[in-house]
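Pasted below: protein.cif, mmCIF, C-alpha atoms.
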```
data_final
loop_
_atom_site.label_atom_id
_atom_site.label_comp_id
_atom_site.auth_asym_id
_atom_site.auth_seq_id
_atom_site.Cartn_x
_atom_site.Cartn_y
_atom_site.Cartn_z
CA MET A 1 -17.94 -52.65 -17.41
CA ALA A 2 -19.11 -52.70 -13.79
CA ALA A 3 -15.59 -53.46 -12.65
CA GLU A 4 -14.28 -50.59 -14.75
CA LEU A 5 -16.87 -48.24 -13.30
CA LYS A 6 -16.01 -49.35 -9.81
CA ARG A 7 -12.36 -48.75 -10.54
CA VAL A 8 -13.01 -45.20 -11.70
CA LEU A 9 -15.20 -44.49 -8.68
CA VAL A 10 -12.57 -45.80 -6.29
CA GLU A 11 -9.97 -43.69 -8.03
CA ALA A 12 -12.18 -40.62 -7.74
CA LEU A 13 -12.65 -41.39 -4.08
CA ILE A 14 -8.91 -41.62 -3.52
CA VAL A 15 -8.34 -38.34 -5.36
CA SER A 16 -11.14 -36.74 -3.33
CA THR A 17 -9.58 -37.82 -0.05
CA LEU A 18 -6.21 -36.58 -1.17
CA GLY A 19 -7.80 -33.35 -2.36
CA LEU A 20 -9.51 -32.82 0.96
CA ALA A 21 -6.26 -33.30 2.85
CA ILE A 22 -4.33 -30.99 0.52
CA SER A 23 -7.07 -28.35 0.58
CA LEU A 24 -7.27 -28.20 4.33
CA THR A 25 -3.50 -28.16 4.71
CA ALA A 26 -3.07 -25.46 2.07
CA ASN A 27 -5.77 -23.36 3.69
CA LEU A 28 -4.14 -23.79 7.07
CA VAL A 29 -0.66 -22.91 5.84
CA SER A 30 -1.64 -20.06 3.53
CA PRO A 31 -1.41 -16.56 5.05
CA ARG A 32 -4.63 -15.81 3.17
CA GLY A 33 -6.36 -18.93 4.41
CA LEU A 34 -9.86 -18.74 5.83
CA SER A 35 -10.87 -19.65 9.32
CA LEU A 36 -13.27 -22.52 8.83
CA THR A 37 -15.28 -21.83 11.94
CA ARG A 38 -15.54 -18.05 11.91
CA ASN A 39 -18.80 -16.50 10.77
CA TYR A 40 -17.55 -13.83 8.38
CA PHE A 41 -21.02 -12.44 7.87
CA PRO A 42 -22.54 -12.29 11.33
CA GLY A 43 -26.23 -11.57 11.57
CA THR A 44 -26.94 -12.18 7.91
CA GLY A 45 -27.29 -15.94 7.80
CA SER A 46 -24.54 -16.10 5.17
CA LYS A 47 -26.79 -14.34 2.70
CA PRO A 48 -25.89 -11.07 1.03
CA ALA A 49 -27.92 -8.02 1.88
CA HIS A 50 -28.18 -7.30 -1.82
CA PRO A 51 -28.66 -10.33 -3.99
CA PRO A 52 -26.73 -9.54 -7.14
CA SER A 53 -29.65 -10.37 -9.33
CA THR A 54 -31.55 -7.37 -8.11
CA ALA A 55 -28.99 -4.87 -6.95
CA PRO A 56 -27.43 -2.30 -9.21
CA ALA A 57 -23.81 -2.44 -10.11
CA GLU A 58 -21.54 0.42 -9.34
CA ALA A 59 -19.46 2.38 -11.75
CA ASN A 60 -15.86 1.45 -11.26
CA LYS A 61 -13.64 4.28 -10.20
CA MET A 62 -10.05 4.59 -9.23
CA GLY A 63 -9.53 2.68 -6.04
CA ALA A 64 -13.15 1.63 -5.97
CA ALA A 65 -12.45 -1.84 -7.08
CA PRO A 66 -14.78 -4.77 -7.00
CA SER A 67 -13.38 -6.68 -4.11
CA ASP A 68 -16.06 -6.09 -1.58
CA SER A 69 -18.95 -8.29 -0.86
CA SER A 70 -20.95 -5.91 -2.90
CA PRO A 71 -22.95 -6.34 -6.01
CA GLY A 72 -20.05 -4.52 -7.55
CA ASN A 73 -18.91 -8.05 -7.99
CA GLY A 74 -22.31 -8.88 -9.22
CA PRO A 75 -24.01 -8.71 -12.49
CA GLY A 76 -24.21 -5.99 -15.01
CA LEU A 77 -24.78 -5.53 -18.68
CA ALA A 78 -21.96 -5.69 -21.15
CA GLY A 79 -20.96 -2.52 -22.86
CA GLY A 80 -19.88 -0.45 -19.90
CA ASN A 81 -16.54 -0.14 -18.21
CA SER A 82 -14.81 -3.40 -18.83
CA ASN A 83 -12.40 -2.89 -15.97
CA GLY A 84 -14.96 -3.41 -13.33
CA PRO A 85 -18.59 -3.64 -12.48
CA ILE A 86 -20.81 -2.42 -15.20
CA ALA A 87 -23.50 0.15 -14.66
CA THR A 88 -26.89 -1.26 -15.44
CA GLN A 89 -29.65 0.65 -17.07
CA GLY A 90 -31.44 2.70 -14.48
CA THR A 91 -28.56 2.48 -12.06
CA ASN A 92 -29.18 5.92 -10.62
CA ARG A 93 -32.73 5.26 -9.59
CA ALA A 94 -31.98 1.78 -8.39
CA GLY A 95 -28.81 3.02 -6.72
CA GLN A 96 -30.78 5.62 -4.85
CA ALA A 97 -33.21 2.99 -3.61
CA THR A 98 -30.34 0.72 -2.62
CA GLY A 99 -28.67 3.61 -0.81
CA GLU A 100 -31.80 4.09 1.24
CA ILE A 101 -31.92 0.38 2.05
CA VAL A 102 -28.28 0.47 3.12
CA ILE A 103 -28.86 3.47 5.37
CA ALA A 104 -31.87 1.78 6.94
CA ARG A 105 -29.84 -1.35 7.54
CA LEU A 106 -26.96 0.58 9.08
CA LYS A 107 -29.35 2.27 11.47
CA GLU A 108 -30.90 -1.07 12.27
CA HIS A 109 -27.46 -2.29 13.34
CA GLY A 110 -26.98 0.76 15.50
CA LEU A 111 -24.44 2.29 13.10
CA GLN A 112 -24.47 5.91 12.04
CA PRO A 113 -24.37 6.47 8.29
CA ILE A 114 -22.78 9.61 6.91
CA ASP A 115 -22.87 10.94 3.37
CA GLY A 116 -20.05 12.20 1.18
CA LYS A 117 -20.43 15.79 2.30
CA GLN A 118 -20.10 14.84 5.97
CA ALA A 119 -17.14 12.59 5.18
CA VAL A 120 -15.35 15.49 3.46
CA GLN A 121 -16.10 17.78 6.40
CA LEU A 122 -14.59 15.26 8.80
CA PHE A 123 -11.62 14.76 6.49
CA ARG A 124 -10.96 18.52 6.42
CA ASP A 125 -11.51 18.96 10.13
CA PRO A 126 -8.29 19.98 11.95
CA GLN A 127 -8.96 17.09 14.33
CA TYR A 128 -8.17 14.71 11.49
CA GLU A 129 -4.54 15.77 11.59
CA GLN A 130 -4.46 15.11 15.32
CA GLU A 131 -5.99 11.67 14.77
CA LEU A 132 -9.01 12.56 16.83
CA ILE A 133 -10.91 11.72 13.69
CA VAL A 134 -9.82 8.48 12.07
CA PHE A 135 -10.76 7.01 8.72
CA VAL A 136 -10.75 3.23 8.35
CA ASP A 137 -10.62 1.53 4.95
CA ALA A 138 -12.32 -1.87 5.12
CA ARG A 139 -11.16 -3.13 1.73
CA ASP A 140 -8.45 -5.64 1.01
CA GLU A 141 -4.78 -4.77 0.68
CA ARG A 142 -4.70 -4.75 -3.11
CA HIS A 143 -7.42 -2.15 -3.38
CA TYR A 144 -6.17 -0.17 -0.40
CA LEU A 145 -2.77 0.18 -2.05
CA GLN A 146 -4.38 1.24 -5.32
CA GLY A 147 -5.82 4.25 -3.57
CA HIS A 148 -7.47 5.14 -0.29
CA ILE A 149 -8.61 8.25 1.54
CA PRO A 150 -5.36 9.92 2.61
CA GLY A 151 -4.34 8.87 6.09
CA ALA A 152 -6.93 6.10 6.36
CA TYR A 153 -5.97 3.01 8.28
CA GLN A 154 -6.53 -0.31 6.61
CA PHE A 155 -8.71 -2.84 8.34
CA ASP A 156 -9.41 -5.90 6.22
CA ARG A 157 -11.87 -7.45 8.61
CA TYR A 158 -11.30 -10.94 7.23
CA TYR A 159 -7.87 -10.92 8.82
CA PRO A 160 -8.43 -9.09 12.12
CA GLU A 161 -5.36 -10.60 13.75
CA LYS A 162 -3.21 -8.85 11.15
CA TYR A 163 -4.85 -5.43 11.14
CA LEU A 164 -6.47 -4.88 14.53
CA PRO A 165 -3.22 -4.32 16.45
CA ALA A 166 -2.56 -1.18 14.39
CA VAL A 167 -6.06 0.09 13.84
CA LEU A 168 -7.64 -0.54 17.22
CA PRO A 169 -5.46 1.78 19.36
CA ALA A 170 -6.02 4.57 16.82
CA CYS A 171 -9.77 4.00 16.93
CA LEU A 172 -9.88 3.81 20.71
CA ASN A 173 -8.10 7.15 20.97
CA ALA A 174 -10.27 8.85 18.38
CA ALA A 175 -13.44 10.83 18.99
CA LYS A 176 -14.87 9.81 15.62
CA VAL A 177 -14.12 6.80 13.47
CA VAL A 178 -15.30 6.76 9.88
CA VAL A 179 -15.39 3.35 8.21
CA TYR A 180 -15.79 2.93 4.48
CA CYS A 181 -15.34 0.36 1.73
CA THR A 182 -16.00 0.43 -2.01
CA GLY A 183 -19.38 2.03 -2.16
CA GLU A 184 -22.98 2.06 -1.20
CA ASN A 185 -23.65 -1.58 -1.79
CA CYS A 186 -20.64 -3.05 -0.11
CA GLU A 187 -21.12 -4.55 3.30
CA ASP A 188 -17.53 -4.73 4.48
CA SER A 189 -17.67 -1.28 6.09
CA GLU A 190 -20.66 -2.37 8.16
CA PHE A 191 -19.05 -5.61 9.20
CA ALA A 192 -15.79 -3.80 9.96
CA ALA A 193 -17.64 -1.24 12.07
CA VAL A 194 -19.38 -4.02 13.96
CA ALA A 195 -16.02 -5.73 14.49
CA LEU A 196 -14.54 -2.51 15.85
CA LYS A 197 -17.53 -2.09 18.13
CA GLU A 198 -17.04 -5.61 19.42
CA ALA A 199 -13.35 -4.85 19.93
CA GLY A 200 -14.27 -2.02 22.29
CA VAL A 201 -14.75 1.10 20.18
CA PRO A 202 -17.82 2.89 21.54
CA GLN A 203 -20.73 2.68 19.14
CA GLU A 204 -21.48 6.41 19.26
CA ARG A 205 -18.03 7.14 17.83
CA LEU A 206 -18.50 4.85 14.83
CA PHE A 207 -19.70 6.22 11.52
CA VAL A 208 -20.08 4.45 8.20
CA PHE A 209 -19.42 6.39 5.04
CA ALA A 210 -21.80 4.45 2.84
CA GLY A 211 -20.71 6.07 -0.42
CA GLY A 212 -17.17 4.81 0.14
CA MET A 213 -14.38 5.09 -2.39
CA THR A 214 -16.80 5.23 -5.30
CA GLU A 215 -18.37 8.46 -4.06
CA TRP A 216 -15.04 9.83 -2.88
CA SER A 217 -13.46 9.35 -6.28
CA ALA A 218 -16.56 10.53 -8.10
CA ASN A 219 -16.25 13.83 -6.25
CA GLY A 220 -12.71 14.29 -7.50
CA LEU A 221 -11.16 14.22 -4.03
CA THR A 222 -7.57 13.31 -3.30
CA ILE A 223 -6.49 9.77 -2.69
CA GLU A 224 -3.34 8.33 -1.26
CA VAL A 225 -1.67 5.55 -3.21
CA GLY A 226 0.40 2.87 -1.49
CA ASP A 227 0.89 2.62 2.24
CA ARG A 228 -0.67 4.91 4.82
CA LYS A 229 1.17 8.23 4.94
CA SER A 230 3.15 7.25 1.88
CA GLY A 231 2.93 10.84 0.72
CA ASN A 232 1.84 9.68 -2.70
CA VAL A 233 -1.31 11.75 -2.90
CA ARG A 234 -3.17 12.16 -6.16
CA GLU A 235 -6.22 13.91 -7.43
CA THR A 236 -9.00 11.74 -8.73
CA ARG A 237 -10.92 12.69 -11.78
CA PRO A 238 -14.63 12.98 -11.17
CA MET B 1 9.11 -44.75 -41.94
CA ASN B 2 9.70 -48.29 -43.04
CA PRO B 3 12.12 -48.18 -46.03
CA ASP B 4 10.59 -51.38 -47.31
CA ALA B 5 7.42 -49.52 -47.97
CA ALA B 6 9.09 -47.41 -50.67
CA ASN B 7 8.65 -48.66 -54.22
CA ALA B 8 10.88 -48.20 -57.20
CA THR B 9 9.56 -44.74 -58.00
CA GLY B 10 10.38 -43.55 -54.56
CA LYS B 11 6.76 -43.32 -53.53
CA PHE B 12 5.57 -44.94 -50.36
CA GLU B 13 2.87 -47.51 -50.32
CA LYS B 14 0.47 -47.80 -47.46
CA ALA B 15 1.68 -50.46 -45.08
CA PRO B 16 -1.05 -52.81 -43.87
CA GLY B 17 -2.65 -51.56 -40.67
CA SER B 18 -1.20 -48.05 -40.98
CA THR B 19 -4.69 -46.48 -40.90
CA SER B 20 -5.45 -48.02 -37.56
CA VAL B 21 -2.00 -47.05 -36.31
CA SER B 22 -2.49 -43.41 -37.29
CA ARG B 23 -6.00 -43.47 -35.85
CA LEU B 24 -4.58 -44.73 -32.59
CA ALA B 25 -1.91 -42.05 -32.63
CA GLY B 26 -4.61 -39.48 -33.33
CA ARG B 27 -6.59 -40.67 -30.31
CA GLU B 28 -3.49 -40.44 -28.16
CA VAL B 29 -2.79 -36.90 -29.29
CA VAL B 30 -6.42 -35.88 -28.75
CA ALA B 31 -6.35 -37.39 -25.24
CA LEU B 32 -3.09 -35.61 -24.47
CA VAL B 33 -4.41 -32.27 -25.68
CA ALA B 34 -7.66 -32.80 -23.77
CA ARG B 35 -5.76 -33.56 -20.59
CA TRP B 36 -3.47 -30.59 -20.92
CA VAL B 37 -6.20 -28.13 -21.86
CA LEU B 38 -8.61 -29.26 -19.14
CA GLY B 39 -5.85 -29.65 -16.55
CA GLY B 40 -4.26 -26.32 -17.43
CA VAL B 41 -7.55 -24.45 -17.20
CA LEU B 42 -8.39 -26.08 -13.86
CA VAL B 43 -4.99 -25.24 -12.40
CA TYR B 44 -5.16 -21.64 -13.63
CA LEU B 45 -8.69 -20.96 -12.42
CA GLY B 46 -8.15 -22.86 -9.19
CA LEU B 47 -5.02 -20.91 -8.33
CA ASN B 48 -6.73 -17.59 -9.03
CA LYS B 49 -9.36 -18.51 -6.46
CA ALA B 50 -7.00 -20.15 -4.01
CA LEU B 51 -4.85 -17.02 -3.87
CA HIS B 52 -7.88 -14.84 -3.12
CA PRO B 53 -10.10 -17.00 -0.93
CA VAL B 54 -11.96 -14.05 0.56
CA ASP B 55 -13.09 -12.87 -2.87
CA PHE B 56 -14.25 -16.39 -3.65
CA LEU B 57 -16.04 -16.60 -0.30
CA LYS B 58 -17.94 -13.38 -1.04
CA ILE B 59 -18.98 -14.57 -4.46
CA LEU B 60 -20.08 -17.97 -3.18
CA ARG B 61 -22.19 -16.19 -0.61
CA GLN B 62 -23.91 -14.24 -3.34
CA TYR B 63 -25.18 -17.47 -4.87
CA GLU B 64 -27.18 -18.05 -1.69
CA MET B 65 -26.69 -21.79 -1.97
CA VAL B 66 -25.85 -22.50 1.62
CA GLU B 67 -27.10 -21.11 4.89
CA SER B 68 -24.38 -22.43 7.14
CA HIS B 69 -21.26 -20.32 7.44
CA LEU B 70 -19.27 -23.47 8.17
CA VAL B 71 -20.22 -25.00 4.83
CA LEU B 72 -19.62 -21.71 3.06
CA ASN B 73 -16.15 -21.36 4.57
CA PHE B 74 -15.33 -24.96 3.79
CA LEU B 75 -16.37 -24.63 0.15
CA ALA B 76 -14.44 -21.39 -0.29
CA ALA B 77 -11.33 -22.83 1.33
CA ALA B 78 -11.37 -26.30 -0.22
CA LEU B 79 -12.81 -26.06 -3.74
CA PRO B 80 -10.02 -24.01 -5.33
CA TRP B 81 -7.26 -26.33 -4.09
CA PHE B 82 -9.33 -29.30 -5.11
CA GLU B 83 -9.51 -27.85 -8.59
CA VAL B 84 -5.76 -27.28 -8.63
CA LEU B 85 -5.15 -30.88 -7.60
CA CYS B 86 -7.45 -32.34 -10.27
CA GLY B 87 -5.87 -30.11 -12.89
CA SER B 88 -2.34 -31.07 -11.87
CA LEU B 89 -3.18 -34.77 -11.97
CA LEU B 90 -4.68 -34.41 -15.42
CA VAL B 91 -1.67 -32.53 -16.75
CA GLY B 92 0.66 -35.17 -15.35
CA GLY B 93 -1.53 -38.04 -16.46
CA ILE B 94 -2.12 -39.44 -12.99
CA ALA B 95 -5.44 -41.02 -12.02
CA VAL B 96 -6.82 -39.56 -15.23
CA ARG B 97 -10.31 -40.98 -15.19
CA GLY B 98 -10.87 -40.40 -11.49
CA SER B 99 -9.76 -36.78 -11.92
CA ALA B 100 -11.90 -36.38 -15.03
CA LEU B 101 -14.91 -37.70 -13.12
CA LEU B 102 -14.27 -35.24 -10.30
CA SER B 103 -13.89 -32.34 -12.69
CA LEU B 104 -17.27 -33.34 -14.19
CA VAL B 105 -18.76 -33.43 -10.72
CA MET B 106 -17.46 -29.91 -10.11
CA LEU B 107 -18.21 -28.44 -13.52
CA ILE B 108 -21.79 -29.60 -14.09
CA PRO B 109 -23.40 -28.29 -10.89
CA PHE B 110 -21.35 -25.11 -11.01
CA SER B 111 -22.37 -24.40 -14.61
CA LEU B 112 -26.01 -24.99 -13.69
CA VAL B 113 -25.75 -22.58 -10.78
CA VAL B 114 -24.16 -19.94 -13.02
CA LEU B 115 -26.86 -20.49 -15.64
CA HIS B 116 -29.56 -20.20 -12.99
CA ARG B 117 -28.10 -16.93 -11.76
CA ALA B 118 -27.75 -15.60 -15.29
CA LEU B 119 -31.38 -16.46 -16.03
CA ALA B 120 -32.48 -14.71 -12.85
CA ILE B 121 -30.56 -11.60 -13.89
CA HIS B 122 -31.96 -11.83 -17.39
CA GLN B 123 -35.48 -11.83 -16.00
CA SER B 124 -34.80 -8.76 -13.90
CA THR B 125 -33.14 -6.74 -16.65
CA ALA B 126 -34.19 -5.74 -20.11
CA GLY B 127 -30.91 -6.61 -21.83
CA ALA B 128 -30.04 -9.53 -24.05
CA PHE B 129 -29.00 -12.73 -22.31
CA CYS B 130 -25.57 -12.68 -23.90
CA ALA B 131 -25.00 -9.13 -22.65
CA ILE B 132 -25.09 -10.31 -19.06
CA ARG B 133 -21.74 -10.30 -17.37
CA PHE B 134 -20.69 -10.82 -13.80
CA ASP B 135 -17.97 -12.36 -11.71
CA CYS B 136 -19.24 -15.89 -11.43
CA GLY B 137 -16.49 -16.95 -9.05
CA CYS B 138 -14.90 -18.99 -11.78
CA GLY B 139 -11.49 -17.49 -11.17
CA SER B 140 -11.37 -15.39 -14.30
CA GLY B 141 -13.00 -12.24 -12.92
CA GLU B 142 -15.96 -10.64 -14.55
CA VAL B 143 -17.01 -12.48 -17.68
CA VAL B 144 -19.69 -12.38 -20.33
CA ILE B 145 -21.80 -15.23 -19.11
CA CYS B 146 -22.59 -16.66 -22.54
CA HIS B 147 -18.86 -17.12 -23.14
CA LYS B 148 -18.46 -18.71 -19.73
CA LEU B 149 -21.24 -21.20 -20.35
CA VAL B 150 -19.75 -22.18 -23.70
CA GLU B 151 -16.33 -22.53 -22.09
CA ASN B 152 -17.75 -24.68 -19.32
CA GLY B 153 -19.60 -26.77 -21.89
CA LEU B 154 -16.31 -27.46 -23.67
CA LEU B 155 -14.59 -28.35 -20.41
CA ILE B 156 -17.43 -30.74 -19.59
CA LEU B 157 -17.01 -32.36 -23.00
CA LEU B 158 -13.28 -32.75 -22.43
CA SER B 159 -13.90 -34.31 -19.03
CA ALA B 160 -16.44 -36.70 -20.49
CA LEU B 161 -14.02 -37.59 -23.29
CA LEU B 162 -11.24 -38.41 -20.87
CA LEU B 163 -13.63 -40.44 -18.80
CA ALA B 164 -14.93 -42.41 -21.77
CA VAL B 165 -11.75 -42.99 -23.77
CA ARG B 166 -9.06 -45.10 -22.26
CA VAL B 167 -5.73 -43.83 -23.55
CA ASN B 168 -2.80 -44.17 -21.21
CA ARG B 169 -0.01 -43.00 -23.49
CA TRP B 170 2.15 -40.17 -22.11
CA CYS B 171 0.66 -40.62 -18.66
CA LEU B 172 2.75 -40.88 -15.53
CA ARG B 173 0.26 -43.23 -13.94
CA TYR B 174 -3.03 -43.54 -15.77
CA ASP B 175 -4.67 -45.81 -13.18
CA LEU B 176 -3.92 -45.49 -9.54
CA ALA B 177 -4.91 -49.07 -8.89
CA GLY B 178 -3.59 -50.79 -12.01
CA SER B 179 -0.18 -50.87 -13.60
CA ARG B 180 0.00 -47.97 -16.07
#
```

Let me see the file written as structure tokens.
Amino acid sequence: MAAELKRVLVEALIVSTLGLAISLTANLVSPRGLSLTRNYFPGTGSKPAHPPSTAPAEANKMGAAPSDSSPGNGPGLAGGNSNGPIATQGTNRAGQATGEIVIARLKEHGLQPIDGKQAVQLFRDPQYEQELIVFVDARDERHYLQGHIPGAYQFDRYYPEKYLPAVLPACLNAAKVVVYCTGENCEDSEFAAVALKEAGVPQERLFVFAGGMTEWSANGLTIEVGDRKSGNVRETRP
Amino acid sequence: MNPDAANATGKFEKAPGSTSVSRLAGREVVALVARWVLGGVLVYLGLNKALHPVDFLKILRQYEMVESHLVLNFLAAALPWFEVLCGSLLVGGIAVRGSALLSLVMLIPFSLVVLHRALAIHQSTAGAFCAIRFDCGCGSGEVVICHKLVENGLLILLSALLLAVRVNRWCLRYDLAGSR
């Protein structure tokens, strides 16, 4: 019995060692692999700003998919939209409170929050066409391709080496840079803005559209599907 | 079927020891199904996470289990592939009991963490426990947590079964150390 147990344990140990080697190799080789040493959530101690147990979930809208480090990935109550995060009871009130927390946190980090109205104004400003105002989408590729603010650059901050070469020159040349992600509770826009700041974009030019794609879509504004400047622009239904 | 077992009326009589033979065959089939189900699920869920490591990283972070970003990154990068390896070994019938033990070691703490999170959510909301749903980082997206806990319970049972019952039929290499 003891010998048998020992045998199983040794076998598990061998499989573990093999697993470790395979895992690290696969992570290293994979284009989506993580950097083991990089702190992806600087300044937060690897803890989310909104623990999912307390934060409200967002309503899932077109292009506002649950890929961010937001409680959109978090809990909800069954019975809502099964395609994405489910709105909890009392979401509006809680959402409002969370929105205020997010704005306070953005200000704490020296970032300038803007609301949906201001984002639309910037989007419709003639300077947007001249790229003096730039929108930056901080979500991953899958969600960016599903629909983003027309003309927005993609900057998935988890893979800066892939996206920064395209997005940084545009941001450096712009007078205003608006960063957004899924919605109020997502943190990727903040982290992306901080990354851009660290890459040399002056802080006073950086704005975070806290409402993100959720608010944009909820207002029935146009989105661009596919690549940037794909020309595939669609209306969203509020 | 042994033709000698047929009598004059064409009916077959039970050969001595046939009950134990069929019981043995039953055990072998059960072990095979257990291996394939457990292994298949582990490979599927592991691959879903391995292909989207950033999503898994974000969800792991939400559990607030670890402070260190190094540990968090390591878990997010390694666990999914580890799961895929264990699942593949189980499907192929290689190092079956070692892999079953490892899948137990992964499944039990993870299920407890999910349960803990679900209970925390239940306390902070007015809804029924089985109405709670969230993306637990299991690799299957957002799930009704009651279903997930039942599913994990079944997977734990399958792991325990494979660990306890020694059946090496239809295995490529049941024991790494021994013969087959």

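The residues returned by the PyMOL selection byres ((chain A and resi 8) around 9) on the shown structure are Ala3, Glu4, Leu5, Lys6, Arg7, Leu9, Val10, Glu11, Ala12 and Leu13 of chain A; Ala95, Arg97, Gly98, Leu101, Leu163 and Asp175 of chain B.
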
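With the cut-off set to 6 Å and all atoms listed in the file counted, chain B residues close to chain A are Lys58, Arg61, Gln62, Glu64, Glu67, His69, Leu70, Asn73, Phe74, Ala78, Trp81, Phe82, Gly98, Ile121, Ala131, Ile132, Arg133, Phe134 and Asp135 of chain B.
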
Matched chain/residue IDs from the PyMOL selection byres ((chain B and resi 148) around 12), as a count of residues only | 32

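CA of Cys171 in chain A is positioned 10.6 Å from CA of Ala193 in chain A.
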
Would you please work out which residue, of B:Leu172, B:Ala50, B:Val165, B:Met65, is nearest to Ala31 in chain B when using all atoms listed in the file?
-> B:Val165

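Note that the spacing between CA of Arg35 in chain B and CA of Arg166 in chain B amounts to 12.1 Å.
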
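From CA of Glu141 in chain A back to CA of Pro160 in chain A, the distance works out to 12.8 Å.
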
Using only C-alpha atoms, which residues sit within 12 Å of Tyr44 in chain B once same-chain residues fewer than 3 positions away are excluded, as number ranges by chain?
-> B: 36-41, 47-51, 80-81, 83-88, 91, 138-140

In terms of the shortest atom-to-atom distance over all atoms listed in the file, which of A:Val120, A:Leu132, A:Ala199, A:Asp115 is closest to Ile103 in chain A?
-> A:Asp115

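Compared by their closest atoms to Gln121 in chain A, and using all atoms listed in the file, the residues A:Phe209, A:Val29, A:Val194, A:Arg228 rank with A:Phe209 nearest.
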
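With all atoms listed in the file as the atoms that count, the minimum distance from Arg157 in chain A to the choices B:Val54, B:Ala77, B:Ala34, B:Ile94 is reached by B:Val54.
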